[in-house]
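Heads up, the thing below is written out as structure tokens.
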Amino acid sequence: MHSHSLDLKAITAEIAAEIAQATDRGRVADYIPALGAISPAHFGMAIVLADGTCHLAGDADVAFSIQSISKVFSLTMALGAVGDAIWKRVGREPSGSAFNSIIQLETERGIPRNPFINAGAIVVCDMLLGRYEPREAIGDMVRFVRSLADDGQSGDGDIVIDEHVARGEAETGFRNMALANYMRAFGNIHHPVEHTLGLYFHQCAIAMSCRQLALAGRYLMAGGRNPATGRSVVSAQRARRINALMLMCGHYDGSGEFAFRVGLPGKSGVGGGILAIAPGVASIAVWSPGLNERGNSQLGTLALERLVRKTGWSIFDPVP
Ligand code: GLU
């Protein structure tokens with residue numbers, strides 16, 4: 001269905017009303033206090049269409065911890081920095097295991113299955129460090145995300161790293177430290193693990209609203225270009241491939257279920273956010289902090305499932 005023949009205002013309002021009623025809201029991540037303190041009652045949704053029109057519902061302007069959604073942006077940066085050489089150090093297959101699993105790394109000799117599981121994202125951070133100090137690389141990443149979210153009017157200067165969350169990640173990141181050290185033993189981490197993880201923990205702690213996140217995802221709906229500026233972020237081929245990885249690997253061991261129910265490339269984070277892309281049509285961000293048993297936003301997934309049913313935007317819907 002073409003986006004202009006849809007009443008998206010009514011559709012987003014209907015979805016927000018349904019989500020507000022939901023009693024089973026999932027479980028808020030509590031491995032660090034800063035995330036555990038967030039109310040499960042929040043729900044936000046932002047849809048940015050190819051022509052720039054924006055539809056918002058609920059807490060669309062409330063910033064939350066984007067967590068693993070940042071892995072999409074760091075992968076994009078790494079593709080720009082080192083190009084396809086990245087695929088020598090990280091794979092492109094769904095893992096079928098939890099976000100922080102270490103099991104496959106043993107048999108696959110320190111090469112993570114894909115850039116969206118923790119091990120893969122840690123390798124991507126290691127590549128981004130290059131010759132930079134961690135502080136510079138962190139600054140670079142925040143500037144990159146701000147530039148993606150810039151719509152020329154609302155300003156994006158308030159996209160920042162939540163230092164409280166970053167500290168919590170570092171204090172409890174024992175598994176991530178194990179993953180990094182294990183990969184270092186295989187020669188797939190080139191920097192001191194504290195540096196690589198410093199970047200990883202900070203990227204997880206980027207705080208953004210649904211509106212900012214949907215704006216930042218525009219290049220993935222628009223063939224690699226920021227449609228507002230016309231500037232290329234990545235080549236069209238790379239945008240297509242990032243979307244393919246999001247579809248296959250964006251929800252950890254729940255990726256098959258997400259594709260089954262929603263049918264869009266999507267990336268989730270344990271903060272309860274999901275960025276989903278309807279190529280050529282829309283960049284969509286949802287946020288509901290309660291997670292399902294796979295660590296993906298329970299009601300965020302439901303909201304996207306409803307949206308796709310009402311709009312026909314699944315990539316598996318016949319082209320209108
Ligand atoms: N900071 C989290 C971790 O590495 C990110 C996990 C996620 O969002 O899935 O444990």
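Every chain in the structure tokens has a letter given in the order shown (A, B, ...), and although residue numbers restart at 1 in each chain, ligands are simply numbered from 1 in the order shown.
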
Do you know which residues are within 6 Å of ligand 1 using only C-alpha atoms and all ligand atoms? Can you write them as a PyMOL selection string?
chain A and resi 67-68+99+118+169+204+269-270

Close residues, Gln21 in chain A itself excluded, 12 Å, only C-alpha atoms, min 6 positions apart in chain, as JSON, numbers by chain:
{"A": [14, 15, 41, 42, 43, 299]}

Smallest atom-to-atom distance to Pro33 in chain A: which of A:Ile242, A:Leu215, A:Ala166, A:Leu307, using only C-alpha atoms?
A:Ala166

Using DSSP on the backbone coordinates, identify all residues within range 96-214 of chain A classified as helix (DSSP H, G or I); present the result as a ChimeraX atom specification.
/A:103-107,118-129,134-149,163-172,174-185,193-204,210-214

Find the nearest atom pair between each residue of range 221-279 of chain A and range 70-80 of chain A for residues within 12 Å, count only C-alpha atoms, give distances in Å to one decimal, sort rows by chain and ascending number, and present the table as a Markdown table.
| residue | atom | partner | partner_atom | distance |
| --- | --- | --- | --- | --- |
| A:Gly224 | CA | A:Thr76 | CA | 9.9 |
| A:Ser232 | CA | A:Gly80 | CA | 11.0 |
| A:Val233 | CA | A:Thr76 | CA | 8.3 |
| A:Val234 | CA | A:Gly80 | CA | 7.1 |
| A:Ser235 | CA | A:Gly80 | CA | 9.4 |
| A:Gln237 | CA | A:Leu79 | CA | 11.5 |
| A:Arg238 | CA | A:Leu79 | CA | 8.1 |
| A:Ala239 | CA | A:Thr76 | CA | 8.5 |
| A:Arg240 | CA | A:Thr76 | CA | 11.6 |
| A:Arg241 | CA | A:Thr76 | CA | 10.4 |
| A:Ile242 | CA | A:Val72 | CA | 7.6 |
| A:Asn243 | CA | A:Val72 | CA | 9.3 |
| A:Ala244 | CA | A:Val72 | CA | 11.6 |
| A:Leu245 | CA | A:Val72 | CA | 9.4 |
| A:Met246 | CA | A:Val72 | CA | 8.1 |
| A:Leu247 | CA | A:Val72 | CA | 11.8 |
| A:Cys249 | CA | A:Val72 | CA | 11.0 |
| A:Gly250 | CA | A:Val72 | CA | 8.9 |
| A:His251 | CA | A:Lys71 | CA | 11.7 |
| A:Pro265 | CA | A:Val72 | CA | 11.1 |
| A:Gly266 | CA | A:Val72 | CA | 9.6 |
| A:Lys267 | CA | A:Val72 | CA | 7.4 |
| A:Ser268 | CA | A:Ser70 | CA | 9.3 |
| A:Gly269 | CA | A:Ser70 | CA | 8.2 |
| A:Val270 | CA | A:Ser70 | CA | 11.2 |
| A:Gly271 | CA | A:Ser70 | CA | 11.3 |
| A:Gly273 | CA | A:Ser70 | CA | 10.6 |
| A:Ile274 | CA | A:Ser70 | CA | 10.6 |
| A:Leu275 | CA | A:Val72 | CA | 9.4 |
| A:Ala276 | CA | A:Val72 | CA | 11.1 |
| A:Ile277 | CA | A:Val72 | CA | 11.8 |

Can you write out the residues you just picked, keeping N, CA, C and O atoms, as a compact mmCIF listing (two decimals), in the first residue's frame?
# COMPACT_ATOMS: atom_id res chain seq x y z
N GLY A 224 20.89 4.13 0.99
CA GLY A 224 22.18 4.57 1.48
C GLY A 224 22.34 6.08 1.58
O GLY A 224 23.35 6.56 2.09
N SER A 232 25.34 10.83 0.44
CA SER A 232 25.45 9.38 0.57
C SER A 232 26.10 9.02 1.91
O SER A 232 27.14 9.57 2.28
N VAL A 233 25.48 8.11 2.63
CA VAL A 233 26.06 7.62 3.89
C VAL A 233 26.84 6.35 3.61
O VAL A 233 27.98 6.19 4.04
N VAL A 234 26.21 5.45 2.88
CA VAL A 234 26.88 4.24 2.36
C VAL A 234 26.36 4.01 0.94
O VAL A 234 25.35 4.60 0.55
N SER A 235 27.02 3.12 0.19
CA SER A 235 26.52 2.84 -1.16
C SER A 235 25.18 2.11 -1.05
O SER A 235 24.85 1.53 0.00
N GLN A 237 24.36 -0.58 -2.41
CA GLN A 237 24.59 -2.02 -2.19
C GLN A 237 24.82 -2.31 -0.70
O GLN A 237 24.31 -3.28 -0.16
N ARG A 238 25.59 -1.45 -0.06
CA ARG A 238 25.84 -1.67 1.37
C ARG A 238 24.58 -1.49 2.20
O ARG A 238 24.34 -2.23 3.15
N ALA A 239 23.77 -0.50 1.84
CA ALA A 239 22.51 -0.31 2.58
C ALA A 239 21.65 -1.57 2.46
O ALA A 239 21.08 -2.05 3.44
N ARG A 240 21.60 -2.12 1.25
CA ARG A 240 20.82 -3.35 1.02
C ARG A 240 21.35 -4.49 1.89
O ARG A 240 20.62 -5.24 2.50
N ARG A 241 22.67 -4.57 1.97
CA ARG A 241 23.27 -5.66 2.74
C ARG A 241 23.09 -5.47 4.24
O ARG A 241 22.91 -6.45 4.97
N ILE A 242 23.16 -4.24 4.71
CA ILE A 242 22.92 -4.00 6.15
C ILE A 242 21.48 -4.40 6.48
O ILE A 242 21.21 -5.05 7.48
N ASN A 243 20.54 -4.05 5.58
CA ASN A 243 19.15 -4.47 5.79
C ASN A 243 19.03 -6.00 5.83
O ASN A 243 18.29 -6.55 6.65
N ALA A 244 19.77 -6.67 4.95
CA ALA A 244 19.71 -8.15 4.92
C ALA A 244 20.20 -8.71 6.24
O ALA A 244 19.59 -9.63 6.82
N LEU A 245 21.29 -8.14 6.76
CA LEU A 245 21.81 -8.61 8.05
C LEU A 245 20.83 -8.32 9.19
O LEU A 245 20.67 -9.12 10.10
N MET A 246 20.18 -7.17 9.13
CA MET A 246 19.19 -6.85 10.16
C MET A 246 18.05 -7.86 10.13
O MET A 246 17.58 -8.31 11.17
N LEU A 247 17.61 -8.21 8.94
CA LEU A 247 16.51 -9.19 8.84
C LEU A 247 16.92 -10.54 9.42
O LEU A 247 16.17 -11.17 10.15
N CYS A 249 19.69 -11.30 11.38
CA CYS A 249 20.46 -11.37 12.64
C CYS A 249 20.10 -10.28 13.64
O CYS A 249 20.72 -10.21 14.70
N GLY A 250 19.13 -9.44 13.35
CA GLY A 250 18.89 -8.24 14.16
C GLY A 250 18.24 -8.47 15.51
O GLY A 250 18.18 -7.57 16.33
N HIS A 251 17.71 -9.69 15.73
CA HIS A 251 17.01 -9.97 16.99
C HIS A 251 17.58 -11.20 17.68
O HIS A 251 16.86 -11.95 18.33
N PRO A 265 13.45 -5.72 8.01
CA PRO A 265 14.76 -5.65 8.65
C PRO A 265 14.61 -4.86 9.94
O PRO A 265 13.99 -3.79 9.94
N GLY A 266 15.15 -5.37 11.03
CA GLY A 266 14.99 -4.67 12.30
C GLY A 266 16.16 -4.95 13.22
O GLY A 266 16.80 -5.99 13.12
N LYS A 267 16.46 -4.00 14.09
CA LYS A 267 17.50 -4.24 15.11
C LYS A 267 16.95 -3.82 16.46
O LYS A 267 16.46 -2.71 16.61
N SER A 268 17.07 -4.73 17.41
CA SER A 268 16.55 -4.47 18.75
C SER A 268 17.69 -4.14 19.70
O SER A 268 18.86 -4.40 19.41
N GLY A 269 17.34 -3.60 20.85
CA GLY A 269 18.29 -3.39 21.94
C GLY A 269 17.63 -3.71 23.26
O GLY A 269 16.40 -3.63 23.36
N VAL A 270 18.42 -4.06 24.27
CA VAL A 270 17.81 -4.44 25.56
C VAL A 270 17.19 -3.26 26.30
O VAL A 270 16.53 -3.45 27.33
N GLY A 271 17.38 -2.04 25.79
CA GLY A 271 16.66 -0.90 26.35
C GLY A 271 15.19 -0.91 25.94
O GLY A 271 14.41 -0.08 26.40
N GLY A 273 14.15 -0.73 22.63
CA GLY A 273 13.93 -0.07 21.34
C GLY A 273 14.08 -1.05 20.18
O GLY A 273 14.76 -2.07 20.31
N ILE A 274 13.42 -0.72 19.07
CA ILE A 274 13.63 -1.45 17.81
C ILE A 274 13.65 -0.42 16.68
O ILE A 274 12.77 0.45 16.62
N LEU A 275 14.64 -0.52 15.82
CA LEU A 275 14.65 0.26 14.58
C LEU A 275 14.28 -0.70 13.45
O LEU A 275 14.90 -1.77 13.33
N ALA A 276 13.25 -0.38 12.70
CA ALA A 276 12.81 -1.25 11.60
C ALA A 276 12.74 -0.44 10.32
O ALA A 276 12.39 0.75 10.34
N ILE A 277 13.08 -1.08 9.22
CA ILE A 277 13.18 -0.38 7.94
C ILE A 277 12.23 -1.01 6.91
O ILE A 277 12.28 -2.23 6.68

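Among the candidates A:Arg231, A:Arg175, A:Arg146, A:Arg89, the residue lying nearest to Met208 in chain A is A:Arg146 (atoms considered: only C-alpha atoms).
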
All strand (DSSP E or B) residues (DSSP, backbone) inside range 191-267 of chain A, as a VMD selection string:
chain A and resid 206 to 208 225 232 266 to 267

Using N, CA, C and O atoms, can you export the residues from the last selection as a short mmCIF file (atom, residue, chain, number, x, y, z; two decimals), in the first residue's frame?
data_model
loop_
_atom_site.label_atom_id
_atom_site.label_comp_id
_atom_site.auth_asym_id
_atom_site.auth_seq_id
_atom_site.Cartn_x
_atom_site.Cartn_y
_atom_site.Cartn_z
N ILE A 206 24.45 5.09 24.18
CA ILE A 206 23.90 6.25 23.47
C ILE A 206 22.41 6.34 23.78
O ILE A 206 21.71 5.32 23.76
N ALA A 207 21.95 7.54 24.11
CA ALA A 207 20.53 7.75 24.41
C ALA A 207 19.89 8.55 23.28
O ALA A 207 20.42 9.57 22.85
N MET A 208 18.77 8.05 22.78
CA MET A 208 18.06 8.73 21.69
C MET A 208 16.55 8.52 21.87
O MET A 208 16.13 7.56 22.50
N ARG A 225 21.35 6.82 1.08
CA ARG A 225 21.43 8.29 1.12
C ARG A 225 20.57 8.86 2.23
O ARG A 225 19.49 8.34 2.49
N SER A 232 25.34 10.83 0.44
CA SER A 232 25.45 9.38 0.57
C SER A 232 26.10 9.02 1.91
O SER A 232 27.14 9.57 2.28
N GLY A 266 15.15 -5.37 11.03
CA GLY A 266 14.99 -4.67 12.30
C GLY A 266 16.16 -4.95 13.22
O GLY A 266 16.80 -5.99 13.12
N LYS A 267 16.46 -4.00 14.09
CA LYS A 267 17.50 -4.24 15.11
C LYS A 267 16.95 -3.82 16.46
O LYS A 267 16.46 -2.71 16.61
#

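Straight-line separation from CA of Ser95 in chain A to CA of Leu199 in chain A: 23.1 Å.
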
Using only C-alpha atoms, which residues sit within 10 Å of Pro94 in chain A once same-chain residues fewer than 2 positions away are excluded, as a PDB file with C-alpha atoms, in the first residue's frame?
ATOM      1  CA  GLY A  91      30.626 -13.544   9.562  1.00  0.00           C
ATOM      2  CA  ARG A  92      27.213 -12.920   8.033  1.00  0.00           C
ATOM      3  CA  GLY A  96      20.669 -18.935  16.598  1.00  0.00           C
ATOM      4  CA  SER A  97      22.090 -18.247  20.037  1.00  0.00           C
ATOM      5  CA  ARG A 113      28.834 -15.254  13.371  1.00  0.00           C
ATOM      6  CA  ASN A 114      27.636 -11.746  12.572  1.00  0.00           C
ATOM      7  CA  PRO A 115      28.180  -8.070  13.518  1.00  0.00           C
ATOM      8  CA  PHE A 116      24.961  -7.856  15.570  1.00  0.00           C
ATOM      9  CA  ILE A 117      25.745 -10.341  18.316  1.00  0.00           C
ATOM     10  CA  LEU A 245      21.810  -8.613   8.055  1.00  0.00           C
ATOM     11  CA  MET A 246      19.189  -6.849  10.163  1.00  0.00           C
ATOM     12  CA  LEU A 247      16.507  -9.189   8.843  1.00  0.00           C
ATOM     13  CA  MET A 248      18.544 -12.332   9.477  1.00  0.00           C
ATOM     14  CA  CYS A 249      20.463 -11.373  12.636  1.00  0.00           C
ATOM     15  CA  GLY A 250      18.894  -8.238  14.163  1.00  0.00           C
ATOM     16  CA  HIS A 251      17.012  -9.966  16.992  1.00  0.00           C
ATOM     17  CA  TYR A 252      19.554 -12.571  18.147  1.00  0.00           C
ATOM     18  CA  ASP A 253      17.938 -15.978  18.547  1.00  0.00           C
ATOM     19  CA  SER A 255      15.371 -13.142  14.503  1.00  0.00           C
ATOM     20  CA  GLY A 256      13.316 -15.864  12.834  1.00  0.00           C
TER      21      GLY A 256
END

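The smallest atom-to-atom distance between Gln153 in chain A and any of A:Ala228, A:Ala20, A:Ala37, A:Ile189, using only C-alpha atoms, is found for A:Ala228.
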
For CA of Val48 in chain A and CA of Ala214 in chain A, quote the distance in Å rounded to one decimal.
6.1 Å

Calculated over only C-alpha atoms, which of the candidates A:Gly254, A:Gly223, A:Gly83, A:Pro192 has the smallest distance to Pro279 in chain A?
A:Gly223

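Within 9 Å of Leu197 in chain A, once only C-alpha atoms are used and residues closer than 2 positions along the same chain are dropped, the contacting residues are Ile122, Cys125, Asp126, Ala170, Gly173, Asn176, Met177, Ala180, Pro192, Val193, Glu194, His195, Leu199, Tyr200, Phe201 and His202 of chain A.
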
Written selection (N, CA, C and O atoms) as a tab-separated table (two decimals), in the first residue's frame:
chain	number	residue	atom	x	y	z
A	122	ILE	N	31.77	-6.27	19.11
A	122	ILE	CA	33.04	-5.95	19.78
A	122	ILE	C	34.18	-5.95	18.75
A	122	ILE	O	35.04	-5.06	18.76
A	125	CYS	N	33.97	-2.75	16.85
A	125	CYS	CA	34.56	-1.65	17.64
A	125	CYS	C	36.08	-1.69	17.55
A	125	CYS	O	36.73	-0.64	17.44
A	126	ASP	N	36.63	-2.89	17.59
A	126	ASP	CA	38.09	-3.02	17.49
A	126	ASP	C	38.59	-2.45	16.16
A	126	ASP	O	39.63	-1.78	16.10
A	170	ALA	N	30.25	-1.22	32.04
A	170	ALA	CA	31.64	-1.60	32.33
A	170	ALA	C	31.73	-2.38	33.63
A	170	ALA	O	32.49	-3.35	33.74
A	173	GLY	N	30.11	-5.92	32.89
A	173	GLY	CA	30.32	-6.52	31.56
A	173	GLY	C	31.24	-7.73	31.54
A	173	GLY	O	32.07	-7.86	30.62
A	176	ASN	N	31.08	-9.79	28.35
A	176	ASN	CA	31.68	-9.08	27.22
A	176	ASN	C	33.20	-9.08	27.32
A	176	ASN	O	33.90	-9.19	26.31
A	177	MET	N	33.70	-8.97	28.57
A	177	MET	CA	35.16	-9.04	28.77
A	177	MET	C	35.67	-10.43	28.39
A	177	MET	O	36.71	-10.58	27.76
A	180	ALA	N	35.69	-10.69	24.59
A	180	ALA	CA	36.79	-9.92	23.99
A	180	ALA	C	38.13	-10.62	24.22
A	180	ALA	O	38.95	-10.75	23.29
A	192	PRO	N	44.13	-3.37	23.12
A	192	PRO	CA	43.88	-3.82	24.49
A	192	PRO	C	42.37	-3.94	24.70
A	192	PRO	O	41.61	-3.05	24.28
A	193	VAL	N	41.94	-5.03	25.32
A	193	VAL	CA	40.48	-5.25	25.42
A	193	VAL	C	39.77	-4.10	26.15
A	193	VAL	O	38.62	-3.80	25.83
A	194	GLU	N	40.46	-3.44	27.09
A	194	GLU	CA	39.79	-2.33	27.79
A	194	GLU	C	39.46	-1.20	26.81
A	194	GLU	O	38.44	-0.53	26.94
A	195	HIS	N	40.31	-1.00	25.83
A	195	HIS	CA	40.04	0.06	24.85
A	195	HIS	C	38.85	-0.32	23.97
A	195	HIS	O	37.94	0.48	23.74
A	199	LEU	N	34.91	1.49	23.93
A	199	LEU	CA	34.10	1.97	22.81
A	199	LEU	C	32.76	1.24	22.77
A	199	LEU	O	31.69	1.85	22.65
A	200	TYR	N	32.80	-0.07	22.92
A	200	TYR	CA	31.57	-0.88	22.87
A	200	TYR	C	30.58	-0.45	23.96
A	200	TYR	O	29.39	-0.22	23.69
A	201	PHE	N	31.05	-0.31	25.21
A	201	PHE	CA	30.15	0.04	26.31
A	201	PHE	C	29.56	1.44	26.09
A	201	PHE	O	28.41	1.69	26.43
A	202	HIS	N	30.36	2.35	25.55
A	202	HIS	CA	29.83	3.70	25.31
A	202	HIS	C	28.83	3.73	24.17
A	202	HIS	O	27.84	4.44	24.24

CA of Leu129 in chain A sits from CA of His191 in chain A at a separation of 7.9 Å

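With distances restricted to only C-alpha atoms, A:Ala63 is the closest residue to Val160 in chain A from A:Ala63, A:Ile111, A:Ala259, A:Ala57.
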